[in-house]
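S.K.: For reference, the file run-v7.cif (mmCIF, C-alpha atoms) is included below:
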data_structure
#
loop_
_atom_site.label_atom_id
_atom_site.label_comp_id
_atom_site.auth_asym_id
_atom_site.auth_seq_id
_atom_site.Cartn_x
_atom_site.Cartn_y
_atom_site.Cartn_z
CA MET A 1 37.86 -50.54 244.41
CA SER A 2 35.68 -48.67 241.95
CA ILE A 3 36.28 -49.49 238.27
CA GLU A 4 35.38 -46.94 235.61
CA ARG A 5 33.63 -48.70 232.74
CA LEU A 6 32.92 -47.53 229.21
CA SER A 7 29.64 -48.46 227.59
CA THR A 8 29.89 -50.30 224.28
CA GLY A 9 26.73 -48.63 222.99
CA VAL A 10 25.34 -52.02 221.93
CA GLU A 11 21.85 -52.69 223.23
CA GLY A 12 21.94 -55.45 225.86
CA PHE A 13 25.70 -56.01 225.79
CA ASP A 14 26.90 -53.92 228.73
CA LYS A 15 24.91 -55.96 231.23
CA LEU A 16 26.97 -58.99 230.20
CA ILE A 17 30.16 -57.28 231.43
CA GLN A 18 29.01 -55.47 234.60
CA GLY A 19 28.17 -52.24 232.83
CA GLY A 20 30.96 -51.83 230.28
CA ILE A 21 34.62 -52.29 229.38
CA PRO A 22 37.04 -51.14 232.12
CA ARG A 23 38.86 -47.94 231.19
CA GLY A 24 42.31 -48.55 229.75
CA PHE A 25 41.60 -52.10 228.60
CA PHE A 26 42.75 -53.47 225.25
CA VAL A 27 40.07 -55.92 224.11
CA ALA A 28 40.38 -58.46 221.30
CA VAL A 29 37.25 -58.66 219.12
CA VAL A 30 37.69 -61.82 217.08
CA GLY A 31 35.76 -63.94 214.62
CA GLU A 32 35.12 -64.82 211.00
CA PRO A 33 34.20 -62.21 208.38
CA GLY A 34 30.54 -61.24 208.49
CA THR A 35 29.97 -61.95 212.17
CA GLY A 36 29.51 -58.34 213.31
CA LYS A 37 32.95 -57.18 214.50
CA THR A 38 32.94 -53.94 212.52
CA ILE A 39 29.38 -53.05 213.51
CA PHE A 40 30.23 -53.70 217.16
CA SER A 41 33.25 -51.40 216.78
CA ILE A 42 31.15 -48.68 215.13
CA HIS A 43 28.77 -48.76 218.10
CA PHE A 44 31.69 -48.42 220.50
CA ILE A 45 32.96 -45.31 218.70
CA ALA A 46 29.47 -43.82 218.30
CA GLU A 47 28.92 -44.13 222.05
CA GLY A 48 32.26 -42.41 222.61
CA ILE A 49 31.16 -39.52 220.43
CA ARG A 50 27.90 -39.28 222.33
CA VAL A 51 29.56 -39.06 225.76
CA GLY A 52 32.37 -36.71 224.71
CA ASP A 53 35.36 -39.05 224.46
CA LYS A 54 38.16 -38.63 221.92
CA ASN A 55 37.73 -41.24 219.19
CA ILE A 56 40.03 -42.86 216.64
CA TYR A 57 38.98 -45.54 214.16
CA VAL A 58 41.68 -47.28 212.11
CA THR A 59 40.29 -49.17 209.12
CA THR A 60 42.52 -51.58 207.21
CA GLU A 61 40.02 -53.63 205.20
CA GLU A 62 37.46 -50.99 204.22
CA SER A 63 37.79 -47.39 203.11
CA LYS A 64 37.01 -44.47 205.39
CA GLU A 65 33.98 -43.72 203.22
CA SER A 66 32.67 -47.25 203.75
CA ILE A 67 32.88 -46.91 207.55
CA ILE A 68 31.07 -43.56 207.41
CA LYS A 69 28.30 -45.06 205.26
CA GLN A 70 27.89 -48.08 207.55
CA ALA A 71 27.63 -45.82 210.58
CA ALA A 72 24.97 -43.72 208.81
CA MET A 73 22.90 -46.87 208.21
CA PHE A 74 22.52 -47.17 211.98
CA GLY A 75 21.86 -43.49 212.63
CA PHE A 76 25.43 -42.42 213.53
CA ASP A 77 26.74 -39.24 211.87
CA PHE A 78 30.48 -39.87 211.68
CA GLU A 79 30.99 -37.11 209.09
CA ARG A 80 29.72 -34.51 211.53
CA ALA A 81 31.87 -35.94 214.32
CA ILE A 82 34.93 -35.62 212.07
CA ARG A 83 34.10 -31.99 211.24
CA GLU A 84 33.61 -31.18 214.92
CA GLY A 85 36.96 -32.71 215.90
CA LYS A 86 35.46 -35.60 217.88
CA LEU A 87 36.60 -38.39 215.59
CA VAL A 88 39.55 -39.25 213.38
CA ILE A 89 39.29 -42.12 210.91
CA ILE A 90 42.69 -43.39 209.82
CA ASP A 91 42.39 -45.07 206.43
CA ALA A 92 45.03 -47.79 206.15
CA LEU A 93 43.45 -49.37 203.06
CA MET A 94 43.42 -46.70 200.36
CA GLY A 95 46.75 -45.03 201.22
CA TYR A 96 45.89 -41.55 199.91
CA ARG A 97 49.07 -39.48 200.03
CA ASP A 98 47.13 -36.20 200.10
CA ASP A 99 45.11 -37.25 203.18
CA PRO A 100 46.86 -36.55 206.51
CA TRP A 101 44.87 -39.38 208.13
CA SER A 102 45.72 -42.00 205.53
CA LEU A 103 48.28 -44.68 206.32
CA VAL A 104 50.40 -44.97 203.19
CA GLU A 105 52.47 -47.91 204.46
CA LEU A 106 50.93 -50.90 206.27
CA ASP A 107 53.51 -50.98 209.03
CA VAL A 108 53.04 -51.25 212.81
CA ASP A 109 55.45 -48.41 213.61
CA HIS A 110 53.67 -46.11 211.19
CA LEU A 111 50.34 -47.20 212.65
CA VAL A 112 51.32 -46.37 216.23
CA ASN A 113 52.83 -43.01 215.24
CA LYS A 114 49.72 -42.03 213.27
CA ILE A 115 47.44 -42.97 216.19
CA ILE A 116 49.53 -40.84 218.58
CA GLU A 117 49.40 -37.97 216.08
CA ALA A 118 45.61 -38.27 215.94
CA LYS A 119 45.34 -38.30 219.74
CA LYS A 120 47.42 -35.11 219.96
CA TYR A 121 45.12 -33.53 217.35
CA LEU A 122 41.98 -34.50 219.27
CA GLY A 123 43.43 -33.25 222.57
CA TYR A 124 43.68 -34.35 226.16
CA GLY A 125 41.10 -36.66 227.66
CA ARG A 126 39.66 -40.15 227.77
CA ALA A 127 39.98 -41.80 224.38
CA ARG A 128 38.54 -44.73 222.46
CA LEU A 129 40.46 -46.58 219.78
CA VAL A 130 39.42 -49.18 217.23
CA ILE A 131 41.90 -50.97 214.97
CA ASP A 132 39.85 -52.92 212.44
CA SER A 133 41.66 -55.14 211.86
CA MET A 134 45.06 -55.97 213.32
CA SER A 135 45.28 -59.07 211.11
CA ALA A 136 46.29 -56.92 208.13
CA PHE A 137 49.61 -56.09 209.79
CA TRP A 138 50.85 -59.69 209.93
CA LEU A 139 49.34 -61.33 206.85
CA ASP A 140 52.81 -61.92 205.38
CA LYS A 141 54.48 -62.69 208.71
CA PRO A 142 52.03 -64.44 211.06
CA ALA A 143 54.77 -65.41 213.51
CA MET A 144 55.05 -61.70 214.40
CA ALA A 145 51.41 -61.41 215.50
CA ARG A 146 52.08 -61.66 219.22
CA ARG A 147 55.05 -59.28 219.16
CA TYR A 148 53.16 -56.67 217.12
CA SER A 149 50.14 -56.88 219.42
CA TYR A 150 52.29 -56.47 222.51
CA TYR A 151 54.09 -53.49 220.99
CA VAL A 152 50.83 -51.72 220.11
CA LYS A 153 49.45 -52.23 223.61
CA ARG A 154 52.66 -51.25 225.42
CA VAL A 155 53.12 -47.99 223.52
CA LEU A 156 49.50 -46.85 223.30
CA TYR A 157 48.46 -47.77 226.86
CA ARG A 158 50.04 -44.58 228.23
CA TRP A 159 47.82 -42.44 225.96
CA ASP A 160 44.63 -43.23 227.92
CA PHE A 161 43.06 -45.41 225.26
CA THR A 162 40.38 -47.99 225.78
CA ALA A 163 40.76 -50.06 222.64
CA LEU A 164 39.03 -52.67 220.52
CA LEU A 165 41.44 -54.61 218.31
CA THR A 166 39.66 -56.82 215.81
CA SER A 167 41.16 -59.95 214.26
CA GLN A 168 39.91 -61.95 211.30
CA TYR A 169 39.56 -65.72 211.56
CA ALA A 170 39.47 -68.24 208.73
CA VAL A 171 36.04 -68.76 207.20
CA THR A 172 36.57 -72.50 206.81
CA THR A 173 37.98 -73.44 210.20
CA SER A 174 37.35 -70.46 212.53
CA LEU A 175 41.09 -70.47 213.23
CA GLY A 176 43.54 -67.59 213.19
CA PHE A 177 47.29 -67.72 212.74
CA GLY A 178 49.37 -66.40 215.63
CA PHE A 179 46.64 -65.54 218.11
CA GLY A 180 48.70 -62.44 218.88
CA ILE A 181 45.90 -60.23 220.14
CA GLU A 182 44.41 -62.84 222.44
CA HIS A 183 47.70 -63.36 224.25
CA VAL A 184 48.05 -59.70 225.26
CA ALA A 185 44.39 -58.66 225.51
CA ASP A 186 42.64 -57.71 228.75
CA GLY A 187 39.42 -59.10 227.28
CA ILE A 188 38.31 -61.37 224.45
CA ILE A 189 34.94 -60.97 222.71
CA ARG A 190 34.31 -63.67 220.14
CA PHE A 191 31.74 -63.43 217.37
CA ARG A 192 30.49 -66.48 215.49
CA LYS A 193 27.94 -67.34 212.82
CA GLY A 194 26.19 -70.42 211.59
CA ILE A 195 23.34 -71.74 209.48
CA VAL A 196 20.60 -73.10 211.71
CA ARG A 197 17.60 -74.67 209.97
CA GLY A 198 18.48 -72.81 206.78
CA GLU A 199 18.87 -69.38 208.43
CA LEU A 200 22.04 -67.39 209.04
CA ARG A 201 22.47 -66.60 212.72
CA ARG A 202 25.14 -64.64 214.56
CA TYR A 203 26.39 -65.15 218.10
CA VAL A 204 28.69 -63.53 220.62
CA ILE A 205 30.39 -64.77 223.78
CA ILE A 206 32.73 -63.03 226.24
CA GLU A 207 35.63 -65.42 226.71
CA LYS A 208 37.66 -63.14 228.94
CA MET A 209 37.29 -59.78 230.68
CA ARG A 210 39.65 -59.04 233.54
CA GLN A 211 38.28 -57.41 236.71
CA THR A 212 34.80 -58.34 235.54
CA GLU A 213 32.23 -60.97 236.49
CA HIS A 214 31.10 -61.47 232.91
CA SER A 215 28.48 -63.70 231.36
CA LEU A 216 29.64 -67.18 230.36
CA ARG A 217 26.69 -67.79 228.05
CA MET A 218 26.57 -67.63 224.26
CA HIS A 219 24.08 -65.00 223.11
CA GLU A 220 22.45 -64.63 219.73
CA ILE A 221 22.67 -61.18 218.16
CA GLU A 222 20.72 -59.40 215.49
CA ILE A 223 21.65 -56.45 213.29
CA ILE A 224 18.81 -54.15 212.30
CA ASN A 225 19.00 -51.44 209.66
CA GLY A 226 18.47 -48.03 211.26
CA ARG A 227 19.07 -49.42 214.73
CA GLY A 228 22.25 -51.47 214.72
CA MET A 229 23.30 -54.43 216.82
CA ARG A 230 21.16 -55.87 219.59
CA ILE A 231 21.82 -58.74 221.99
CA LYS A 232 19.09 -61.35 222.13
CA ALA A 233 18.56 -64.12 224.66
CA PRO A 234 21.17 -66.75 225.60
CA THR A 235 21.17 -69.62 223.18
CA ALA A 236 22.09 -73.27 223.03
CA TYR A 237 24.93 -73.04 220.51
CA ARG A 238 25.53 -76.40 218.84
CA LYS A 239 28.93 -76.86 217.24
CA GLU A 240 27.55 -79.33 214.74
CA ASP A 241 25.26 -76.60 213.37
CA THR A 242 28.17 -74.43 212.31
CA VAL A 243 31.34 -76.46 211.78
CA LEU A 244 32.43 -78.31 208.65
CA PRO A 245 33.19 -82.04 208.84
CA THR A 246 36.66 -82.62 210.32
CA SER A 247 38.13 -84.10 207.12
CA VAL A 248 36.94 -81.15 205.01
CA ALA A 249 38.15 -78.58 207.54
CA ALA A 250 41.57 -80.27 207.73
CA ARG A 251 42.03 -80.14 203.95
CA MET A 252 41.00 -76.49 203.82
CA LEU A 253 43.33 -75.60 206.67
CA ALA A 254 46.21 -77.40 204.94
CA ALA A 255 45.51 -75.43 201.76
CA GLU A 256 45.55 -72.15 203.71
CA LEU A 257 48.85 -73.06 205.35
CA ARG A 258 50.38 -73.97 201.97
CA LYS A 259 49.31 -70.65 200.54
CA LEU A 260 50.68 -68.81 203.54
CA LEU A 261 54.02 -70.61 203.34
CA GLU A 262 54.04 -70.63 199.51
CA ILE A 263 54.33 -74.44 199.38
CA PRO A 264 53.18 -75.92 196.02
CA GLU A 265 50.34 -78.41 196.06
CA THR A 266 51.28 -82.01 195.26
CA GLU A 267 49.36 -84.73 193.41
CA HIS A 268 48.99 -86.57 196.72
CA ASP A 269 47.25 -83.53 198.23
CA GLU A 270 44.83 -83.40 195.31
CA GLU A 271 43.98 -87.09 195.69
CA ASN A 272 43.28 -86.63 199.43
#
Before anything else, please render the file you have as structure tokens.
M.R.:
Amino acid sequence: MSIERLSTGVEGFDKLIQGGIPRGFFVAVVGEPGTGKTIFSIHFIAEGIRVGDKNIYVTTEESKESIIKQAAMFGFDFERAIREGKLVIIDALMGYRDDPWSLVELDVDHLVNKIIEAKKYLGYGRARLVIDSMSAFWLDKPAMARRYSYYVKRVLYRWDFTALLTSQYAVTTSLGFGFGIEHVADGIIRFRKGIVRGELRRYVIIEKMRQTEHSLRMHEIEIINGRGMRIKAPTAYRKEDTVLPTSVAARMLAAELRKLLEIPETEHDEEN
């Protein structure tokens, strides 16, 4: 059976997944801040603009203007695409009431309705969607992560979207609360970073991609101004190069959980 695949637009990445992401897939793009998730998503949308797809980018942690500027750094003219009706950027951070594509309330129902409204505006046809990031919708209720992710996929699947849903992971432990996206995703692309011999390096690995014989190797990536993201050669990724000592990570994770659950710190915690 032939599978239609959408190119990610990232140099060297498509060959790791048999030519692209299968049409209609909802793919989790996960990792710590600063690992390249947003730039990967910008490439995906830029490629959609190039090939004539309908494109929607939801930004929850940066303003629309910031996304447009980042895209311009890599040679992608998102402002022109917006003017020409090829792209809608839904700003869920700033909440401008006078902007029809601004999400005033950070709520999953409002999110889904606004995405459907944008798709109707763009018109019939194959569509690409980025939600960057889904984590913002369950910061105060992490136990709802899986339910929210399932709801988004179930409702939007019928609108012919191929989607990237990003999720932030903790800087200290590389852990996320809820793992909602990963449970419902058709694919999982994980970005990582680490200091190796005093130099910051970024990596990517495809942990899951249904209907695809994907690479199982960790690859180093580089991000070049004026060019964007590029996949380099497979690498020997050593956990000890990038992970904090277990005792330190455990204390940091406990602190994050206390903050999340609003549990006061005790003297015993401080001593440990």
S.K.: Hey, what's within 12 Å of Ile205 (chain A) if we count all atoms listed in the file and toss same-chain stuff fewer than 2 positions away? As a VMD selection string, please?
M.R.: chain A and resid 13 16 to 17 29 to 31 35 187 to 193 202 to 203 207 to 209 214 to 221 231 to 237
S.K.: Any idea what the distance is between CA of Gly226 (chain A) and CA of Leu200 (chain A)?
M.R.: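 Spanning CA of Gly226 (chain A) to CA of Leu200 (chain A) is a straight-line distance of 19.8 Å.
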S.K.: Would you please work out which residue, of A:Met73, A:Ile67, A:Leu122, A:Val51, is nearest to Trp159 (chain A) when using all atoms listed in the file?
M.R.: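 Closest to Trp159 (chain A) of all the choices is A:Leu122.
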S.K.: Counting all atoms listed in the file, what is within 10 Å of Asp107 (chain A), bar same-chain residues fewer than 4 positions away, as a list in words?
M.R.: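 Answer for this query is Ala92, Leu103, Leu111, Val112, Ala136, Phe137, Trp138 and Tyr148 of chain A.
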S.K.: Name the residues that the PyMOL selection byres ((chain A and resi 4-12) around 7) pulls out of this structure, and write them as an MDAnalysis selection string.
M.R.: chainID A and resid 2:3 13:15 19:23 43:44 47 229:231
S.K.: Out of A:Arg147, A:Lys64, A:Lys153, A:Lys120, which residue has the shortest atom-to-atom distance to Gly85 (chain A) when counting only C-alpha atoms?
M.R.: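 Nearest to Gly85 (chain A): A:Lys120.
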S.K.: Which distance in Å separates CA of Ile116 (chain A) and CA of Glu65 (chain A), to one decimal?
M.R.: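 Value for the CA of Ile116 (chain A)-CA of Glu65 (chain A) distance: 22.0 Å.
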S.K.: Please measure the separation of CA of Leu87 (chain A) and CA of Ile223 (chain A), giving the value in Å to one decimal.
M.R.: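 Between these atoms lies a distance of 23.6 Å.
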S.K.: Looking at all atoms listed in the file, which of A:Ala28, A:Ala118, A:Ile45, A:Met1 is the one that sits closest to Ile206 (chain A)?
M.R.: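 For Ile206 (chain A), the nearest of the candidates is A:Ala28.
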S.K.: Using 5 Å of padding on each side, determine the axis-aligned box around all atoms of region 25-35 of chain A present in the file and give its centre and edge lengths in Å to one decimal, as lines of an AutoDock Vina configuration file.
M.R.:
center_x = 36.4
center_y = -58.5
center_z = 218.5
size_x = 22.8
size_y = 22.7
size_z = 30.2
S.K.: To verify the selection step, state as number ranges by chain which residues the PyMOL selection byres ((chain A and resi 161) around 8) yields on this input.
M.R.: A: 23-25, 126-129, 156-160, 162-163
S.K.: What residues come out when you apply the PyMOL selection byres ((chain A and resi 165) around 8) to this file, written as JSON, numbers by chain?
M.R.: {"A": [26, 27, 28, 29, 130, 131, 132, 133, 134, 163, 164, 166, 167, 181]}
S.K.: Compare A:Trp101, A:Tyr151, A:Tyr96, A:Phe40 by their minimum atom-to-atom distance to Ala71 (chain A), counting all atoms listed in the file, and give me the closest one.
M.R.: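 Among the listed residues, the smallest separation from Ala71 (chain A) belongs to A:Phe40.
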